[in-house]
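Visitor: Structure: query_23.csv, CSV, N, CA and C atoms.
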```csv
chain,number,residue,atom,x,y,z
V,183,MET,N,4.9,-38.0,-25.2
V,183,MET,CA,4.5,-38.3,-26.5
V,183,MET,C,3.0,-38.4,-26.5
V,184,PRO,N,2.3,-37.6,-27.5
V,184,PRO,CA,0.9,-37.7,-27.5
V,184,PRO,C,0.3,-39.0,-28.0
V,185,ASP,N,-0.9,-39.3,-27.5
V,185,ASP,CA,-1.5,-40.6,-28.0
V,185,ASP,C,-2.7,-40.3,-28.8
V,186,GLU,N,-3.4,-41.3,-29.2
V,186,GLU,CA,-4.5,-41.1,-30.1
V,186,GLU,C,-5.7,-40.3,-29.5
V,187,SER,N,-5.8,-40.3,-28.2
V,187,SER,CA,-6.9,-39.5,-27.6
V,187,SER,C,-6.6,-38.1,-27.3
V,188,THR,N,-5.4,-37.6,-27.7
V,188,THR,CA,-5.0,-36.2,-27.5
V,188,THR,C,-5.8,-35.3,-28.4
V,189,LEU,N,-6.4,-34.3,-27.9
V,189,LEU,CA,-7.2,-33.4,-28.7
V,189,LEU,C,-6.2,-32.5,-29.6
V,190,ILE,N,-6.6,-32.4,-30.8
V,190,ILE,CA,-5.8,-31.6,-31.8
V,190,ILE,C,-6.6,-30.3,-32.0
V,191,CYS,N,-7.9,-30.5,-32.3
V,191,CYS,CA,-8.8,-29.4,-32.6
V,191,CYS,C,-9.8,-29.3,-31.5
V,192,TYR,N,-9.6,-28.4,-30.5
V,192,TYR,CA,-10.5,-28.2,-29.4
V,192,TYR,C,-11.9,-27.7,-29.8
V,193,CYS,N,-11.9,-26.9,-30.8
V,193,CYS,CA,-13.2,-26.3,-31.2
V,193,CYS,C,-14.2,-27.4,-31.7
V,194,HIS,N,-13.7,-28.4,-32.3
V,194,HIS,CA,-14.6,-29.5,-32.8
V,194,HIS,C,-14.3,-30.8,-32.2
V,195,ASP,N,-13.5,-30.9,-31.1
V,195,ASP,CA,-13.3,-32.1,-30.4
V,195,ASP,C,-12.7,-33.2,-31.2
V,196,VAL,N,-11.7,-32.9,-32.1
V,196,VAL,CA,-11.1,-33.8,-33.0
V,196,VAL,C,-9.8,-34.3,-32.3
V,197,THR,N,-9.7,-35.6,-32.2
V,197,THR,CA,-8.5,-36.2,-31.5
V,197,THR,C,-7.4,-36.5,-32.6
V,198,LEU,N,-6.2,-36.7,-32.1
V,198,LEU,CA,-5.1,-37.0,-32.9
V,198,LEU,C,-5.4,-38.3,-33.7
V,199,GLY,N,-6.0,-39.3,-33.1
V,199,GLY,CA,-6.4,-40.5,-33.7
V,199,GLY,C,-7.4,-40.3,-34.9
V,200,GLN,N,-8.4,-39.5,-34.6
V,200,GLN,CA,-9.4,-39.2,-35.7
V,200,GLN,C,-8.7,-38.5,-36.9
V,201,LEU,N,-7.9,-37.5,-36.6
V,201,LEU,CA,-7.2,-36.8,-37.6
V,201,LEU,C,-6.3,-37.6,-38.4
V,202,ALA,N,-5.5,-38.5,-37.7
V,202,ALA,CA,-4.6,-39.4,-38.4
V,202,ALA,C,-5.3,-40.3,-39.3
V,203,LYS,N,-6.4,-40.9,-38.9
V,203,LYS,CA,-7.2,-41.8,-39.7
V,203,LYS,C,-7.7,-41.1,-41.0
V,204,TYR,N,-8.2,-39.9,-40.8
V,204,TYR,CA,-8.6,-39.1,-41.9
V,204,TYR,C,-7.5,-38.7,-42.9
V,205,ILE,N,-6.3,-38.4,-42.4
V,205,ILE,CA,-5.2,-38.0,-43.2
V,205,ILE,C,-4.7,-39.2,-44.0
V,206,ARG,N,-4.7,-40.4,-43.4
V,206,ARG,CA,-4.3,-41.6,-44.0
V,206,ARG,C,-5.3,-42.0,-45.1
V,207,GLU,N,-6.5,-42.1,-44.8
V,207,GLU,CA,-7.6,-42.5,-45.7
V,207,GLU,C,-7.7,-41.6,-46.9
V,208,ASN,N,-7.4,-40.3,-46.7
V,208,ASN,CA,-7.7,-39.4,-47.8
V,208,ASN,C,-6.4,-38.9,-48.4
V,209,SER,N,-5.2,-39.4,-48.1
V,209,SER,CA,-3.9,-39.0,-48.6
V,209,SER,C,-3.7,-37.5,-48.5
V,210,ILE,N,-4.0,-37.0,-47.3
V,210,ILE,CA,-3.8,-35.5,-47.1
V,210,ILE,C,-2.4,-35.2,-47.0
V,211,ASN,N,-2.0,-34.0,-47.7
V,211,ASN,CA,-0.6,-33.6,-47.6
V,211,ASN,C,-0.5,-32.1,-47.1
V,212,THR,N,-1.6,-31.4,-47.1
V,212,THR,CA,-1.6,-30.0,-46.6
V,212,THR,C,-2.8,-29.7,-45.7
V,213,ILE,N,-2.6,-28.7,-44.9
V,213,ILE,CA,-3.7,-28.3,-44.0
V,213,ILE,C,-4.8,-27.7,-44.8
V,214,GLU,N,-4.5,-27.1,-45.9
V,214,GLU,CA,-5.6,-26.5,-46.8
V,214,GLU,C,-6.5,-27.6,-47.3
V,215,GLU,N,-6.0,-28.8,-47.5
V,215,GLU,CA,-6.9,-29.9,-48.0
V,215,GLU,C,-7.9,-30.3,-46.9
V,216,ILE,N,-7.5,-30.2,-45.6
V,216,ILE,CA,-8.4,-30.5,-44.5
V,216,ILE,C,-9.4,-29.4,-44.4
V,217,LEU,N,-9.0,-28.1,-44.5
V,217,LEU,CA,-9.9,-27.0,-44.3
V,217,LEU,C,-10.9,-26.9,-45.4
V,218,GLU,N,-10.6,-27.4,-46.6
V,218,GLU,CA,-11.5,-27.3,-47.7
V,218,GLU,C,-12.5,-28.4,-47.7
V,219,ASP,N,-12.3,-29.5,-47.0
V,219,ASP,CA,-13.2,-30.6,-46.9
V,219,ASP,C,-14.5,-30.2,-46.1
V,220,THR,N,-15.6,-30.5,-46.6
V,220,THR,CA,-16.9,-30.1,-45.9
V,220,THR,C,-17.4,-31.3,-45.1
V,221,CYS,N,-16.9,-32.5,-45.3
V,221,CYS,CA,-17.3,-33.7,-44.6
V,221,CYS,C,-16.6,-33.9,-43.3
V,222,PHE,N,-15.3,-33.4,-43.2
V,222,PHE,CA,-14.5,-33.6,-42.0
V,222,PHE,C,-14.2,-32.2,-41.5
V,223,VAL,N,-14.8,-31.8,-40.4
V,223,VAL,CA,-14.7,-30.4,-39.9
V,223,VAL,C,-13.6,-30.4,-38.8
V,224,CYS,N,-12.5,-29.6,-39.2
V,224,CYS,CA,-11.4,-29.5,-38.3
V,224,CYS,C,-10.6,-28.3,-38.7
V,225,GLY,N,-10.3,-27.4,-37.7
V,225,GLY,CA,-9.4,-26.3,-37.9
V,225,GLY,C,-9.9,-25.1,-38.6
V,226,ASP,N,-11.2,-25.1,-38.8
V,226,ASP,CA,-11.8,-23.9,-39.5
V,226,ASP,C,-12.3,-22.8,-38.6
V,227,THR,N,-12.3,-23.0,-37.3
V,227,THR,CA,-12.8,-22.0,-36.3
V,227,THR,C,-11.7,-21.1,-35.8
V,228,CYS,N,-10.7,-21.7,-35.2
V,228,CYS,CA,-9.5,-20.9,-34.7
V,228,CYS,C,-8.3,-21.3,-35.4
V,229,GLU,N,-7.2,-20.5,-35.3
V,229,GLU,CA,-6.0,-20.8,-36.0
V,229,GLU,C,-5.0,-21.6,-35.2
V,230,ASN,N,-5.2,-21.7,-33.9
V,230,ASN,CA,-4.2,-22.3,-33.0
V,230,ASN,C,-3.9,-23.8,-33.4
V,231,CYS,N,-4.9,-24.5,-33.8
V,231,CYS,CA,-4.7,-26.0,-34.0
V,231,CYS,C,-4.0,-26.2,-35.4
V,232,ARG,N,-3.9,-25.2,-36.2
V,232,ARG,CA,-3.3,-25.4,-37.5
V,232,ARG,C,-1.8,-25.4,-37.5
V,233,GLU,N,-1.2,-24.5,-36.8
V,233,GLU,CA,0.3,-24.4,-36.8
V,233,GLU,C,0.9,-24.5,-35.4
V,234,GLU,N,0.4,-23.7,-34.4
V,234,GLU,CA,1.1,-23.6,-33.1
V,234,GLU,C,0.7,-24.7,-32.2
V,235,GLY,N,-0.5,-25.2,-32.3
V,235,GLY,CA,-1.1,-26.1,-31.3
V,235,GLY,C,-1.9,-25.3,-30.3
V,236,TYR,N,-2.9,-25.9,-29.8
V,236,TYR,CA,-3.9,-25.3,-28.8
V,236,TYR,C,-3.1,-24.6,-27.7
V,237,ASN,N,-2.2,-25.3,-27.1
V,237,ASN,CA,-1.4,-24.8,-26.0
V,237,ASN,C,0.0,-24.2,-26.4
V,238,ASN,N,0.1,-23.8,-27.7
V,238,ASN,CA,1.4,-23.4,-28.2
V,238,ASN,C,2.5,-24.4,-28.0
V,239,ASP,N,2.1,-25.7,-28.0
V,239,ASP,CA,3.1,-26.7,-27.8
V,239,ASP,C,3.6,-27.4,-29.1
V,240,GLY,N,3.1,-26.9,-30.2
V,240,GLY,CA,3.6,-27.5,-31.5
V,240,GLY,C,2.8,-28.7,-31.9
V,241,LEU,N,1.9,-29.2,-31.1
V,241,LEU,CA,1.1,-30.3,-31.4
V,241,LEU,C,-0.1,-29.8,-32.2
V,242,SER,N,0.0,-29.8,-33.5
V,242,SER,CA,-0.9,-29.1,-34.4
V,242,SER,C,-1.3,-30.0,-35.5
V,243,MET,N,-2.2,-29.5,-36.4
V,243,MET,CA,-2.6,-30.3,-37.6
V,243,MET,C,-1.4,-30.5,-38.5
V,244,ALA,N,-0.6,-29.5,-38.6
V,244,ALA,CA,0.6,-29.6,-39.4
V,244,ALA,C,1.5,-30.7,-39.0
V,245,MET,N,1.7,-30.7,-37.6
V,245,MET,CA,2.6,-31.8,-37.1
V,245,MET,C,1.9,-33.2,-37.3
V,246,ALA,N,0.6,-33.2,-37.1
V,246,ALA,CA,-0.1,-34.5,-37.3
V,246,ALA,C,0.1,-35.1,-38.7
V,247,ILE,N,0.0,-34.2,-39.7
V,247,ILE,CA,0.3,-34.6,-41.1
V,247,ILE,C,1.7,-35.2,-41.3
V,248,GLY,N,2.7,-34.5,-40.7
V,248,GLY,CA,4.0,-35.0,-40.8
V,248,GLY,C,4.2,-36.3,-40.1
V,249,MET,N,3.6,-36.4,-38.9
V,249,MET,CA,3.7,-37.7,-38.1
V,249,MET,C,3.1,-38.9,-38.8
V,250,VAL,N,2.0,-38.7,-39.5
V,250,VAL,CA,1.3,-39.7,-40.2
V,250,VAL,C,2.2,-40.1,-41.4
V,251,LYS,N,2.7,-39.1,-42.1
V,251,LYS,CA,3.5,-39.4,-43.3
V,251,LYS,C,4.8,-40.1,-43.0
V,252,ARG,N,5.3,-39.9,-41.8
V,252,ARG,CA,6.6,-40.6,-41.4
V,252,ARG,C,6.3,-41.9,-40.7
V,253,GLY,N,5.1,-42.2,-40.4
V,253,GLY,CA,4.7,-43.5,-39.8
V,253,GLY,C,4.8,-43.4,-38.3
V,254,TYR,N,4.8,-42.3,-37.7
V,254,TYR,CA,4.9,-42.2,-36.2
V,254,TYR,C,3.5,-42.4,-35.6
V,255,ILE,N,2.5,-42.2,-36.3
V,255,ILE,CA,1.1,-42.5,-35.9
V,255,ILE,C,0.5,-43.6,-36.8
V,256,SER,N,0.1,-44.7,-36.2
V,256,SER,CA,-0.4,-45.8,-37.0
V,256,SER,C,-1.8,-46.1,-36.7
V,257,CYS,N,-2.7,-45.1,-36.5
V,257,CYS,CA,-4.1,-45.3,-36.3
V,257,CYS,C,-4.8,-46.0,-37.4
```
Represent the structure contained in this file as structure tokens.
Guide:
Amino acid sequence: MPDESTLICYCHDVTLGQLAKYIRENSINTIEEILEDTCFVCGDTCENCREEGYNNDGLSMAMAIGMVKRGYISC
């Protein structure tokens, strides 16, 4: 199971904990909302972190949104 220090966006060094906090504080529901934000940079360089995960392991921004909404991540 990934923890808060697991990198989600390798291009910008964004961890699962940072992303989860951002998702919760801004009531994010889609990846597009993250990509459109100019204050929080994540997922705009490569596409791996959006859907498949950096290592094609499924640990992605999409999964992080779902995990926060279901209460699996409580950062």
Visitor: Rank V:Cys221, V:Ile255, V:Met243, V:Val250 by their smallest atom-to-atom distance to Cys191 in chain V, using all atoms listed in the file, and report the top residue only.
Guide: V:Met243
Visitor: Go through chain V and collect every residue that DSSP, computed from the backbone, puts in strand (DSSP E); the answer should be as a list in words.
Guide: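 Across chain V, those assigned strand (DSSP E) are Leu189, Ile190, Cys191, Val196 and Thr197 of chain V.
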Visitor: Do a neighbour search on Leu201 in chain V at 8 Å with all atoms listed in the file, toss out local chain neighbours closer than 3 positions, and write the hits as an MDAnalysis selection string.
Guide: chainID V and resid 186 190 196:198 204:207 243 246:247
Visitor: Work out how far CA of Met245 in chain V is from atom C of Glu233 in chain V, in Å to one decimal.
Guide: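 So the answer is 7.7 Å.
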Visitor: Atom N of Glu234 in chain V and CA of Cys193 in chain V, how far apart in Å?
Guide: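 Taking CA of Cys193 in chain V and atom N of Glu234 in chain V, their separation equals 14.2 Å.
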Visitor: May I have the residues within 8 Å of Cys224 in chain V as a ChimeraX atom specification, using all atoms listed in the file and disregarding those fewer than 4 positions away in the same chain?
Guide: /V:190-191,193-196,216-220,228,231-232
Visitor: For Asn211 in chain V, which of V:Ser256, V:Met249, V:Asp226, V:Tyr192 is the closest residue, counting only C-alpha atoms?
Guide: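 Among the listed residues, the smallest separation from Asn211 in chain V belongs to V:Met249.
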Visitor: Record the distance separating CA of Ser187 in chain V and atom N of Gly240 in chain V, expressed in Å with one decimal.
Guide: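 Taking CA of Ser187 in chain V as the start and atom N of Gly240 in chain V as the end point, the length is 16.3 Å.
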